[in-house]
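A.B. asks: Have a look at this one before I ask anything.
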Amino acid sequence: MTVSFELSDDLVGYGREIRDWSVEAVRPYARYADVHHAAPDHWRQIVETCPVAIGTHDRRQVKRQPAFAEGKWVRDLVVTESLTYGDHWISNVIGAGIGHLVVKLMGTPEQIDKWYRPIVDNGGQTAFGLTEPQFGSDTSMVETTATRDGDTWVLNGTKMYCTYGGQADYVVVFASTDKAAGPAAIRAFVVPKGTSGFHVAKFNEDKLGIRSWTTSELLFEDCAIPVENQLGWTGGDGDGPGPAPRTRSGRSGALGALAQNKPNISATGIAMAQASLDIATDLLQEQRQSFAPHRWSLVESDLENMNAALGRARLVNFRAQWLQDLQRANKTEASVAKAYGPPTCERVIRRCMQLLGPDGASTDLLLEKWYRDVKILDIFEGSGQVQRIIVGRAVFGGADRVA
Amino acid sequence: MTVSFELSDDLVGYGREIRDWSVEAVRPYARYADVHHAAPDHWRQIVETCPVAIGTHDRRQVKRQPAFAEGKWVRDLVVTESLTYGDHWISNVIGAGIGHLVVKLMGTPEQIDKWYRPIVDNGGQTAFGLTEPQFGSDTSMVETTATRDGDTWVLNGTKMYCTYGGQADYVVVFASTDKAAGPAAIRAFVVPKGTSGFHVAKFNEDKLGIRSWTTSELLFEDCAIPVENQLGWTGGDGDGPGPAPRTRSGRSGALGALAQNKPNISATGIAMAQASLDIATDLLQEQRQSFAPHRWSLVESDLENMNAALGRARLVNFRAQWLQDLQRANKTEASVAKAYGPPTCERVIRRCMQLLGPDGASTDLLLEKWYRDVKILDIFEGSGQVQRIIVGRAVFGGADRVA
Amino acid sequence: MFELDLSEEQIAVRDLSRDLATRVLAGAARDAETNRRVPDEVWRQVFETGLTAPASEDHGGGGIPDTLTHLVALEGLATGDPGIAIAAMWSGGSALLVGLCGTAAQQYAYLPRLASDRQGRGGVALYEGFGRAPSEYQTRIEHLGSGTWQVAGTKVAVPFAAEADPLVLVGTDPTTGELRAALIPPDAGGVAIGPRPEHGHLGLDAVPLHTVTFDLTIGPGQLLGGPGAAAGLLVGAVGRLRLSVAAAAIGCAARSVEYAAAYANERIAFGKPLAAFQGVSFLLADAAIQIEACRLDLWRAGVRVDAGPIGGLERAVSHAVNYAGSVAASVTRDAVQVLGGHGFMRDHPVERWYRAAAALSTIDFDPTYAAFAPAL
Amino acid sequence: MFELDLSEEQIAVRDLSRDLATRVLAGAARDAETNRRVPDEVWRQVFETGLTAPASEDHGGGGIPDTLTHLVALEGLATGDPGIAIAAMWSGGSALLVGLCGTAAQQYAYLPRLASDRQGRGGVALYEGFGRAPSEYQTRIEHLGSGTWQVAGTKVAVPFAAEADPLVLVGTDPTTGELRAALIPPDAGGVAIGPRPEHGHLGLDAVPLHTVTFDLTIGPGQLLGGPGAAAGLLVGAVGRLRLSVAAAAIGCAARSVEYAAAYANERIAFGKPLAAFQGVSFLLADAAIQIEACRLDLWRAGVRVDAGPIGGLERAVSHAVNYAGSVAASVTRDAVQVLGGHGFMRDHPVERWYRAAAALSTIDFDPTYAAFAPAL
């Protein structure tokens with residue numbers, strides 16, 4: 001075995017096919033998705049034109065992704081960047097969400113069979129309800145309550161910024177079973193779509209970017225679900241209100257699910273930035289004669305250095321997900337990946353607009369859209385600041401004593 | 001009145017004379033001062049060659065600085081940058097230190113007459129003993145004690161990094177009169193050179209840079225001084241051990257003295273960076289033909305942008321000291337000045353070395369010395385982090401409620 | 001005489017503009033953006049400040065402020081909404097250039113109307129993109145002989161191109177290499193106005209911006225200042241217009257810091273206000289530090305503009321503009337970051353400032369003043 | 001096959017070099033600097049790793065490691081002291097180039113001696129400054145006819161110039177534009193060695209560095225690989241040498257972060273360890289993040305070197321080297337900052353790393369890869 005950063009020809013080809021398709025089939029609707037805050041109505045037809053098996057969230061249409069030597073998570077990085085290179089709206093209609101990943105991490109074998117398996121086997125979308133109006137990063141502040149009532153848990157509270165929340169097959173909701181017991185009493189509950197008392201207060205927020213991405217506000221009013229919908233439920237003593245006896249508390253399970261996805265978030269940003277850079281490069285090359293020679297030197301340096309920066313961002317992503325594929329610890333590496341890519345991707349897109357001049361920021365191009373879209377990537381699923389805290393734990397935890 | 005950034009011709013000329021002299025008379029001994037950790041032995045003769053009245057710290061040689069329309073503190077910025085443009089070692093032999101400034105801020109009229117006036121009228125050097133081995137920024141951690149014994153205070157403890165500590169006429173020492181009473185019980189004491197029990201444990205530290213700058217470690221062992229050497233001493237009830245009743249506690253008085261000097265610290269950094277930049281620019285111009293044209297464009301941009309960055313650093317310095325001259329509040333502005341200049345000056349010097357290639361870091365040039373010297377400027381008299389805390393107070397204290 | 005205090009009049013202008021920003025512009029920002037035009041009632045109130053048509057009292061205006069006053073006014077208004085502020089300033093460009101550089105006849109022909117018509121718009125066709133400074137503009141204003149001048153070139157980000165009366169076009173005289181300007185009436189032939197982008201312009205939708213191509217001949221009466229105009233006056237006036245964009249960017253950035261700081265004071269995480277975390281508070285401290293440096297740099301360049309066309313003025317303006325563009329884009333970005341998910345929602349104005357600052361930073365960008373640097 | 005794990009052998013090399021760094025190099029760093037030479041006993045121990053004269057077993061060495069192994073070894077050693085590590089690596093450049101690119105005769109002439117002489121030194125005259133990449137080197141190695149070659153040019157940062165046996169000079173053949181190297185014995189005429197700077201070289205005093213001017217003729221036997229040498233081999237070997245400097249910078253930076261983190265865990269301010277302040281901890285988190293990206297970038301370039309002279313190799317090497325130089329200089333700077341006043345004292349090693357990283361960043365710097373950016 002020897003270190004190699006070369007992806008297999010198969011995966012490269014697979015990614016290229018998806019990317020070409022994304023430019024041709026997805027990008028033409030980028031502006032539509034932004035203006036209408038929704039994917040085009042015929043999104044299903046669009047997805048069906050994809051020459052490779054990207055799957056859809058609709059379970060009857062699902063195609064399985066082929067396996068590659070690199071493993072699932074590395075493959076997904078390539079697929080994520082390739083798919084969203086055309087535009088990001090496609091994610092919303094084919095993405096599965098992460099609720100089921102939480103089920104896999106925190107559920108009993110029965111729960112995994114019931115809620116995780118069908119999603120990966122047949123498709124579907126799941127959502128994740130953690131954030132509330134009064135908190136973002138500090139997940140100990142969960143105020144949604146789960147009260148035991150016979151064979152049910154009754155949920156009350158509000159969840160914000162739930163990706164796919166208004167359309168998912170189910171939402172994994174984090175709620176406190178005993179506020180006095182603090183964060184350890186926070187548990188996760190599977191709440192299927194249509195459950196009585198589960199209201200979609202706002203289907204989609206009015207956002208700076210990624211507008212077609214469903215970001216829902218959910219309201220739970222005396223929403224009763226069976227006790228066995230509590231993840232980790234065994235029917236034993238530990239399933240009552242109060243601190244969970246299990247090693248994995250609700251919050252850390254939730255954060256575990258987020259960690260797996262972090263490099264994919266960065267890959268989405270790289271897609272937006274690379275698309276901006278490629279478009280800007282083509283336009284600038286056409287306009288080369290309009291630049292004074294000394295200025296053109298700087299334009300060329302900028303373009304080359306932006307490509308190099310995106311290349312490095314891919315490396316830290318691959319590193320994190322390669323570890324994930326080997327089921328090795330990658331919490332720090334996943335945070336490195338998420339901290340590293342997104343803020344530089346923001347800068348790349350902004351710089352491309354600047355190099356193009358005032359027209360670079362007009363809606364005649366997509367760069368201004370991607371500049372709005374990209375900003376969320378350094379915020380959601382753990383802001384850049386939160387990632388630094390996580391990386392810091394490794395830095396300071398692993399530090400020797402001063403000699 | 002109208003806003004004007006133009007200094008008077010008088011001050012510009014004064015600064016230019018000092019600067020030219022500094023290059024001619026001071027710079028030739030820069031390497032000596034670095035290697036020998038001391039000014040050249042004939043420093044007094046060197047200072048005497050200065051065509052304008054820069055003064056020396058030796059009281060018999062002192063010449064008063066002329067007044068300018070801009071005021072004392074703005075003048076001092078110009079003088080500081082001009083003097084240290086040749087090299088920084090000159091500061092150590094002419095600088096007065098800041099102990100007497102603390103006296104002025106915290107002393108009674110009698111104390112000011114006794115310890116402040118002679119220094120400004122006749123010259124002299126004073127030192128400031130606050131930092132101890134176990135703390136830098138957190139000045140509440142003072143462990144040096146002052147115990148009342150009849151008409152004396154008896155000091156015990158160690159002070160580190162005291163500028164001029166081993167050579168000053170007196171040191172203003174901060175000590176706790178009652179550890180149980182916390183930071184408020186910290187008072188300042190004037191300890192003259194030669195006081196019994198006042199030992200210079202280390203005359204000068206072995207440092208990365210500014211090696212000729214006397215940075216002493218001082219040891220106080222049962223060092224007794226008269227009670228009237230406690231700054232603010234009136235002989236009343238408040239002069240016993242315990243919290244000071246006066247509005248200005250020892251620490252805030254100390255920090256006040258530091259604030260006045262902050263922009264001068266930055267001006268010193270600008271001098272080092274500007275000197276590096278000017279030397280590098282001349283050398284690079286000579287070597288211009290050796291650079292590929294596209295690379296030369298970048299070299300030229302770098303040089304111009306470094307000059308612009310130093311120009312902005314001067315602006316925030318002037319702003320702070322112009323307020324100081326008008327005796328208006330400038331705590332935030334002084335911190336802005338100290339936070340802004342030094343880290344950019346570091347980068348300017350490093351970049352100049354890089355542009356010159358490997359020879360840029362050799363001792364055949366002075367840039368490597370200044371790169372070592374400059375690092376302290378973002379650390380001492382309040383690190384960049386401490387300045388951000390101070391600026392943050394204005395930002396957050398002045399913030400409206402969210403609409 | 002070294003002096004860093006604004007004059008009493010400048011302070012009054014600052015307070016007035018900031019007051020108008022808070023009372024009127026902030027609330028109208030969303031409307032102006034949605035309808036892609038400053039609401040009439042808002043325009044009327046800004047008109048009364050004189051910004052939309054600065055003119056001397058002789059011409060029925062309230063006087064032409066000095067450059068620093070102009071910049072202070074614009075920074076103040078931009079704390080309410082940079083889009084409306086920049087729309088007003090750009091519209092006022094016609095009156096400003098005519099008042100500062102025009103012949104007496106031109107001033108009488110245009111200024112009384114501009115100064116009294118509350119619905120009128122002006123505009124200046126200035127920028128060309130490609131990092132060009134004014135001295136590098138390729139738009140030609142060239143004497144063909146017999147008092148006829150050829151005007152040809154393409155301008156970007158031309159405000160109010162379809163309605164400005166007059167539209168002032170800035171170019172260079174290839175014979176002398178000096179800056180020249182032409183007064184183009186709205187019905188002139190040889191002016192091809194590109195379409196307005198269908199879905200807007202990031203954060204600058206309060207003002208219509210077009211790419212415009214000019215290819216026409218004009219008579220000497222349309223030559224700003226006449227055939228013998230002193231180019232130095234125009235250099236200064238153009239410098240002022242360029243700096244105004246920087247002033248708008250700084251106003252927007254400064255307001256973003258205030259807003260984010262207030263949010264960070266109130267929002268609790270891990271048992272403390274967000275402001276208690278240095279990872280948050282240092283972002284805003286750095287922002288405040290940069291804004292202070294940026295504003296002083298802008299003021300210095302503004303004062304230089306009024307001192308006449310001394311050497312290095314154009315480069316000083318370019319430095320101030322590019323630094324402000326870069327600082328404002330980064331500061332408004334960090335303000336969104338401080339608000340986290342809430343910052344991404346249109347319920348808070350920081351997302352608008354993020355857009356506006358980025359858009360402003362593209363207007364007059366030259367990569368020679370700051371190359372790309374990755375975040376890490 | 002996509003694979004990011006080091007091989008077992010590489011892991012062993014990493015651990016061994018890191019162990020040697022901790023046990024031997026760290027303690028000898030000050031001595032090496034003061035005496036401006038690696039202490040003999042330390043050199044002997046580093047010699048045993050093979051780094052000072054990598055040679056195949058046929059020539060009495062321990063084998064020539066692949067590039068990645070070489071880089072891993074250097075990063076490990078540099079955690080002890082970058083100066084000693086780079087001295088060893090640079091000395092080994094002669095054996096490396098002869099072993100990778102020399103003719104069989106050259107290998108037999110030089111390698112057995114280099115591999116066995118514990119006091120011997122090699123050296124490569126490589127860099128020219130001015131941001132030049134190897135393909136732009138102006139040092140000429142040109143065929144004069146009759147098997148005689150003209151060697152002319154000026155090199156900077158030439159290690160062991162006065163003692164290297166042989167000194168390998170890298171230049172370009174103006175006829176073909178290809179990279180060439182010449183073997184220069186220590187007594188060769190036409191070699192003018194500039195003086196060693198009297199008071200040292202920032203953080204690189206363990207190794208003598210000189211500016212050297214060459215103007216001599218050589219026979220075909222002194223032409224590395226002979227007249228028909230495949231330039232591609234030399235391109236790869238030169239790439240490896242350049243990347244080694246980046247590896248030393250990264251090792252130094254990584255150790256700085258460890259040291260500063262340990263300090264920040266212990267040092268108390270305002271009632272908490274320094275590490276509890278995000279204004280401190282984020283500096284080191286950012287450093288760790290950058291080092292991770294930097295190391296992967298370096299590894300990728302290293303693997304490309306061994307894959308043969310594929311297109312873009314030189315630029316990939318330049319990117320990796322310049323990013324590492326920039327990251328290491330900034331990280332070591334922040335490590336000093338975390339230690340505050342203590343960081344400025346020679347009692348702690350961070351000041352040495354600050355110097356060494358800055359010096360390393362000047363060796364192979366090209367401004368096209370990262371323009372100056374102010375801190376704020």
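Scheme for the structure tokens: letters A, B, ... for chains in order shown; per-chain residue numbers from 1; ligand numbers from 1 in order shown.
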Please identify every residue of chain B that has at least one atom no more than 10 Å from any atom of chain C, counting only C-alpha atoms, and report them as an mmCIF file with N, CA and C atoms, in the first residue's frame.
C.D. replies:
```cif
data_model
loop_
_atom_site.group_PDB
_atom_site.id
_atom_site.type_symbol
_atom_site.label_atom_id
_atom_site.label_comp_id
_atom_site.auth_asym_id
_atom_site.auth_seq_id
_atom_site.Cartn_x
_atom_site.Cartn_y
_atom_site.Cartn_z
ATOM 1 N N MET B 1 -12.347 75.645 10.892
ATOM 2 C CA MET B 1 -11.606 74.396 11.038
ATOM 3 C C MET B 1 -12.086 73.376 10.007
ATOM 4 N N THR B 2 -11.148 72.732 9.464
ATOM 5 C CA THR B 2 -11.504 71.705 8.504
ATOM 6 C C THR B 2 -10.522 70.549 8.661
ATOM 7 N N VAL B 3 -11.031 69.362 8.417
ATOM 8 C CA VAL B 3 -10.192 68.179 8.609
ATOM 9 C C VAL B 3 -8.956 68.263 7.721
ATOM 10 N N SER B 4 -7.827 68.009 8.289
ATOM 11 C CA SER B 4 -6.598 68.002 7.505
ATOM 12 C C SER B 4 -5.641 66.969 8.067
ATOM 13 N N PHE B 5 -5.108 66.165 7.197
ATOM 14 C CA PHE B 5 -4.143 65.150 7.607
ATOM 15 C C PHE B 5 -2.715 65.615 7.364
ATOM 16 N N GLU B 6 -2.580 66.888 6.986
ATOM 17 C CA GLU B 6 -1.248 67.393 6.680
ATOM 18 C C GLU B 6 -0.583 67.891 7.952
ATOM 19 N N LEU B 7 0.550 67.340 8.262
ATOM 20 C CA LEU B 7 1.329 67.864 9.370
ATOM 21 C C LEU B 7 1.946 69.190 8.942
ATOM 22 N N SER B 8 2.251 70.012 9.923
ATOM 23 C CA SER B 8 2.893 71.294 9.607
ATOM 24 C C SER B 8 4.269 71.055 8.984
ATOM 25 N N ASP B 9 4.686 71.988 8.155
ATOM 26 C CA ASP B 9 6.010 71.858 7.551
ATOM 27 C C ASP B 9 7.087 71.755 8.631
ATOM 28 N N ALA B 69 2.516 72.926 16.498
ATOM 29 C CA ALA B 69 1.079 73.210 16.494
ATOM 30 C C ALA B 69 0.263 71.946 16.742
ATOM 31 N N GLU B 70 0.808 70.780 16.349
ATOM 32 C CA GLU B 70 0.036 69.545 16.441
ATOM 33 C C GLU B 70 -0.127 69.055 17.877
ATOM 34 N N GLY B 71 0.694 69.538 18.788
ATOM 35 C CA GLY B 71 0.597 69.033 20.156
ATOM 36 C C GLY B 71 1.659 67.990 20.437
ATOM 37 N N VAL B 74 1.102 64.000 19.204
ATOM 38 C CA VAL B 74 1.254 63.813 17.762
ATOM 39 C C VAL B 74 2.722 64.015 17.383
ATOM 40 N N SER B 297 5.419 42.606 -11.901
ATOM 41 C CA SER B 297 4.128 43.264 -11.650
ATOM 42 C C SER B 297 3.662 42.989 -10.234
ATOM 43 N N LEU B 298 3.851 41.771 -9.808
ATOM 44 C CA LEU B 298 3.409 41.407 -8.467
ATOM 45 C C LEU B 298 4.301 42.011 -7.406
ATOM 46 N N GLU B 300 5.841 44.846 -7.665
ATOM 47 C CA GLU B 300 5.450 46.262 -7.583
ATOM 48 C C GLU B 300 4.154 46.446 -6.807
ATOM 49 N N SER B 301 3.195 45.597 -7.060
ATOM 50 C CA SER B 301 1.935 45.669 -6.300
ATOM 51 C C SER B 301 2.184 45.456 -4.818
ATOM 52 N N ASP B 302 2.976 44.455 -4.509
ATOM 53 C CA ASP B 302 3.283 44.187 -3.100
ATOM 54 C C ASP B 302 3.903 45.412 -2.437
ATOM 55 N N GLU B 304 3.783 48.570 -3.287
ATOM 56 C CA GLU B 304 2.828 49.673 -3.156
ATOM 57 C C GLU B 304 1.807 49.381 -2.050
ATOM 58 N N ASN B 305 1.343 48.156 -1.991
ATOM 59 C CA ASN B 305 0.306 47.837 -1.000
ATOM 60 C C ASN B 305 0.868 47.811 0.422
ATOM 61 N N MET B 306 2.132 47.466 0.541
ATOM 62 C CA MET B 306 2.735 47.530 1.879
ATOM 63 C C MET B 306 2.858 48.989 2.324
ATOM 64 N N ALA B 308 0.952 51.381 1.441
ATOM 65 C CA ALA B 308 -0.403 51.846 1.763
ATOM 66 C C ALA B 308 -0.836 51.336 3.135
ATOM 67 N N ALA B 309 -0.490 50.101 3.431
ATOM 68 C CA ALA B 309 -0.878 49.533 4.734
ATOM 69 C C ALA B 309 -0.194 50.284 5.874
ATOM 70 N N GLY B 311 0.752 53.343 5.729
ATOM 71 C CA GLY B 311 0.104 54.654 5.760
ATOM 72 C C GLY B 311 -1.181 54.617 6.586
ATOM 73 N N ARG B 312 -1.943 53.575 6.442
ATOM 74 C CA ARG B 312 -3.179 53.465 7.230
ATOM 75 C C ARG B 312 -2.863 53.285 8.713
ATOM 76 N N ALA B 313 -1.803 52.538 8.990
ATOM 77 C CA ALA B 313 -1.421 52.349 10.397
ATOM 78 C C ALA B 313 -1.047 53.686 11.032
ATOM 79 N N ARG B 314 -0.403 54.552 10.250
ATOM 80 C CA ARG B 314 -0.103 55.887 10.786
ATOM 81 C C ARG B 314 -1.382 56.658 11.081
ATOM 82 N N LEU B 315 -2.365 56.502 10.230
ATOM 83 C CA LEU B 315 -3.615 57.262 10.433
ATOM 84 C C LEU B 315 -4.267 56.928 11.769
ATOM 85 N N VAL B 316 -4.349 55.642 12.091
ATOM 86 C CA VAL B 316 -5.012 55.302 13.358
ATOM 87 C C VAL B 316 -4.149 55.739 14.545
ATOM 88 N N ASN B 317 -2.849 55.761 14.370
ATOM 89 C CA ASN B 317 -1.984 56.295 15.428
ATOM 90 C C ASN B 317 -2.253 57.790 15.647
ATOM 91 N N PHE B 318 -2.262 58.519 14.554
ATOM 92 C CA PHE B 318 -2.485 59.961 14.669
ATOM 93 C C PHE B 318 -3.839 60.243 15.315
ATOM 94 N N ARG B 319 -4.798 59.488 14.915
ATOM 95 C CA ARG B 319 -6.141 59.690 15.469
ATOM 96 C C ARG B 319 -6.110 59.552 17.006
ATOM 97 N N TRP B 322 -3.959 62.451 18.602
ATOM 98 C CA TRP B 322 -4.599 63.753 18.438
ATOM 99 C C TRP B 322 -5.673 63.925 19.525
ATOM 100 N N LEU B 323 -6.402 62.869 19.785
ATOM 101 C CA LEU B 323 -7.380 62.917 20.886
ATOM 102 C C LEU B 323 -6.671 63.114 22.221
ATOM 103 N N THR B 332 -10.262 53.601 23.450
ATOM 104 C CA THR B 332 -10.560 52.700 22.332
ATOM 105 C C THR B 332 -9.626 52.972 21.158
ATOM 106 N N GLU B 333 -9.437 54.233 20.836
ATOM 107 C CA GLU B 333 -8.617 54.581 19.677
ATOM 108 C C GLU B 333 -7.158 54.155 19.877
ATOM 109 N N SER B 335 -6.217 51.602 21.598
ATOM 110 C CA SER B 335 -6.190 50.152 21.400
ATOM 111 C C SER B 335 -6.323 49.789 19.927
ATOM 112 N N VAL B 336 -7.152 50.538 19.215
ATOM 113 C CA VAL B 336 -7.246 50.327 17.770
ATOM 114 C C VAL B 336 -5.852 50.493 17.152
ATOM 115 N N ALA B 337 -5.163 51.539 17.555
ATOM 116 C CA ALA B 337 -3.841 51.822 16.987
ATOM 117 C C ALA B 337 -2.870 50.680 17.266
ATOM 118 N N ALA B 339 -3.590 47.573 18.055
ATOM 119 C CA ALA B 339 -4.011 46.314 17.413
ATOM 120 C C ALA B 339 -3.740 46.339 15.915
ATOM 121 N N TYR B 340 -3.834 47.516 15.332
ATOM 122 C CA TYR B 340 -3.796 47.604 13.867
ATOM 123 C C TYR B 340 -2.385 47.509 13.295
ATOM 124 N N GLN B 385 -4.480 40.633 21.571
ATOM 125 C CA GLN B 385 -5.709 40.050 22.112
ATOM 126 C C GLN B 385 -6.321 40.982 23.162
ATOM 127 N N GLN B 387 -5.958 44.195 23.318
ATOM 128 C CA GLN B 387 -6.516 45.368 22.633
ATOM 129 C C GLN B 387 -7.891 45.068 22.055
ATOM 130 N N ARG B 388 -8.054 43.846 21.554
ATOM 131 C CA ARG B 388 -9.357 43.478 20.998
ATOM 132 C C ARG B 388 -10.431 43.432 22.094
ATOM 133 N N ILE B 389 -10.019 43.023 23.273
ATOM 134 C CA ILE B 389 -10.973 43.021 24.386
ATOM 135 C C ILE B 389 -11.398 44.458 24.688
ATOM 136 N N ILE B 390 -10.431 45.369 24.682
ATOM 137 C CA ILE B 390 -10.749 46.769 24.988
ATOM 138 C C ILE B 390 -11.629 47.369 23.884
ATOM 139 N N VAL B 391 -11.255 47.131 22.640
ATOM 140 C CA VAL B 391 -12.085 47.632 21.536
ATOM 141 C C VAL B 391 -13.476 47.000 21.620
ATOM 142 N N GLY B 392 -13.501 45.731 21.968
ATOM 143 C CA GLY B 392 -14.780 45.031 22.084
ATOM 144 C C GLY B 392 -15.707 45.689 23.099
ATOM 145 N N ARG B 393 -15.138 46.221 24.162
ATOM 146 C CA ARG B 393 -15.998 46.881 25.150
ATOM 147 C C ARG B 393 -16.752 48.043 24.524
ATOM 148 N N ALA B 394 -16.059 48.793 23.680
ATOM 149 C CA ALA B 394 -16.735 49.910 23.006
ATOM 150 C C ALA B 394 -17.768 49.391 22.020
ATOM 151 N N VAL B 395 -17.412 48.328 21.322
ATOM 152 C CA VAL B 395 -18.327 47.789 20.313
ATOM 153 C C VAL B 395 -19.595 47.264 20.984
ATOM 154 N N PHE B 396 -19.416 46.522 22.050
ATOM 155 C CA PHE B 396 -20.590 45.881 22.663
ATOM 156 C C PHE B 396 -21.284 46.811 23.646
ATOM 157 N N GLY B 397 -20.490 47.651 24.301
ATOM 158 C CA GLY B 397 -21.106 48.597 25.212
ATOM 159 C C GLY B 397 -21.931 49.628 24.472
ATOM 160 N N GLY B 398 -21.475 49.988 23.284
ATOM 161 C CA GLY B 398 -22.167 51.024 22.531
ATOM 162 C C GLY B 398 -23.280 50.495 21.645
ATOM 163 N N ALA B 399 -23.468 49.180 21.668
ATOM 164 C CA ALA B 399 -24.426 48.609 20.727
ATOM 165 C C ALA B 399 -25.862 48.904 21.142
ATOM 166 N N ASP B 400 -26.667 49.281 20.167
ATOM 167 C CA ASP B 400 -28.109 49.419 20.404
ATOM 168 C C ASP B 400 -28.706 48.043 20.650
ATOM 169 N N ARG B 401 -29.913 48.045 21.087
ATOM 170 C CA ARG B 401 -30.654 46.790 21.105
ATOM 171 C C ARG B 401 -31.009 46.444 19.660
ATOM 172 N N VAL B 402 -31.180 45.163 19.415
ATOM 173 C CA VAL B 402 -31.617 44.760 18.081
ATOM 174 C C VAL B 402 -33.004 45.344 17.844
ATOM 175 N N ALA B 403 -33.197 45.932 16.694
ATOM 176 C CA ALA B 403 -34.492 46.579 16.396
ATOM 177 C C ALA B 403 -35.613 45.536 16.378
#
```
A.B. asks: Could you check the closest approach to Ala269 (chain C) for each of C:Leu97, C:Tyr110, C:Leu339, C:Ser318 and tell me which residue wins, using only C-alpha atoms?
C.D. replies: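 Result for the nearest residue to Ala269 (chain C): C:Leu339.
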A.B. asks: Using only C-alpha atoms, can you tell me which of A:Arg350, A:Asp359, A:Ala201, A:Trp370 comes closest to Phe372 (chain C)?
C.D. replies: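 The answer is A:Arg350, which sits nearest to Phe372 (chain C).
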A.B. asks: Considering only C-alpha atoms, return as a ChimeraX atom specification whatever protein or nucleic-acid residues lie within 8 Å of region 207-217 of chain D, sequence-local ones (same chain, fewer than 5 positions apart) excluded.
C.D. replies: /D:36-38,83-84,86-87,125,148-161,189-196
A.B. asks: Can you write just those residues out, C-alpha atoms, as a short mmCIF file (atom, residue, chain, number, x, y, z; two decimals), in the first residue's frame?
C.D. replies:
```cif
data_model
loop_
_atom_site.label_atom_id
_atom_site.label_comp_id
_atom_site.auth_asym_id
_atom_site.auth_seq_id
_atom_site.Cartn_x
_atom_site.Cartn_y
_atom_site.Cartn_z
CA ARG D 36 26.82 27.54 13.44
CA ARG D 37 27.36 23.85 12.76
CA VAL D 38 25.59 20.66 13.70
CA GLY D 83 17.89 23.91 11.25
CA ILE D 84 19.57 20.56 11.91
CA ILE D 86 17.43 20.92 6.86
CA ALA D 87 21.21 20.77 7.18
CA ALA D 125 23.42 24.62 -5.65
CA THR D 148 33.12 20.22 -22.97
CA TRP D 149 30.37 21.97 -21.13
CA GLN D 150 30.15 25.54 -19.98
CA VAL D 151 28.69 26.06 -16.52
CA ALA D 152 27.80 29.63 -15.56
CA GLY D 153 25.44 31.27 -13.15
CA THR D 154 24.83 32.50 -9.62
CA LYS D 155 23.10 30.46 -6.95
CA VAL D 156 21.85 31.57 -3.55
CA ALA D 157 21.39 29.66 -0.31
CA VAL D 158 23.96 27.07 -1.37
CA PRO D 159 24.51 24.76 1.60
CA PHE D 160 27.99 23.49 2.48
CA ALA D 161 29.36 25.29 -0.57
CA GLY D 189 38.30 26.57 -10.28
CA GLY D 190 35.75 29.09 -11.46
CA VAL D 191 33.68 28.76 -8.32
CA ALA D 192 33.43 31.97 -6.29
CA ILE D 193 31.94 31.40 -2.88
CA GLY D 194 30.56 34.50 -1.21
CA PRO D 195 31.22 35.11 2.47
CA ARG D 196 29.00 33.53 5.07
#
```
A.B. asks: DSSP on the backbone: what in region 32-206 of chain C comes out strand (DSSP E or B), as a VMD selection string?
C.D. replies: chain C and resid 123 to 125 140 to 145 148 to 159 167 to 172 179 to 184 191 to 193
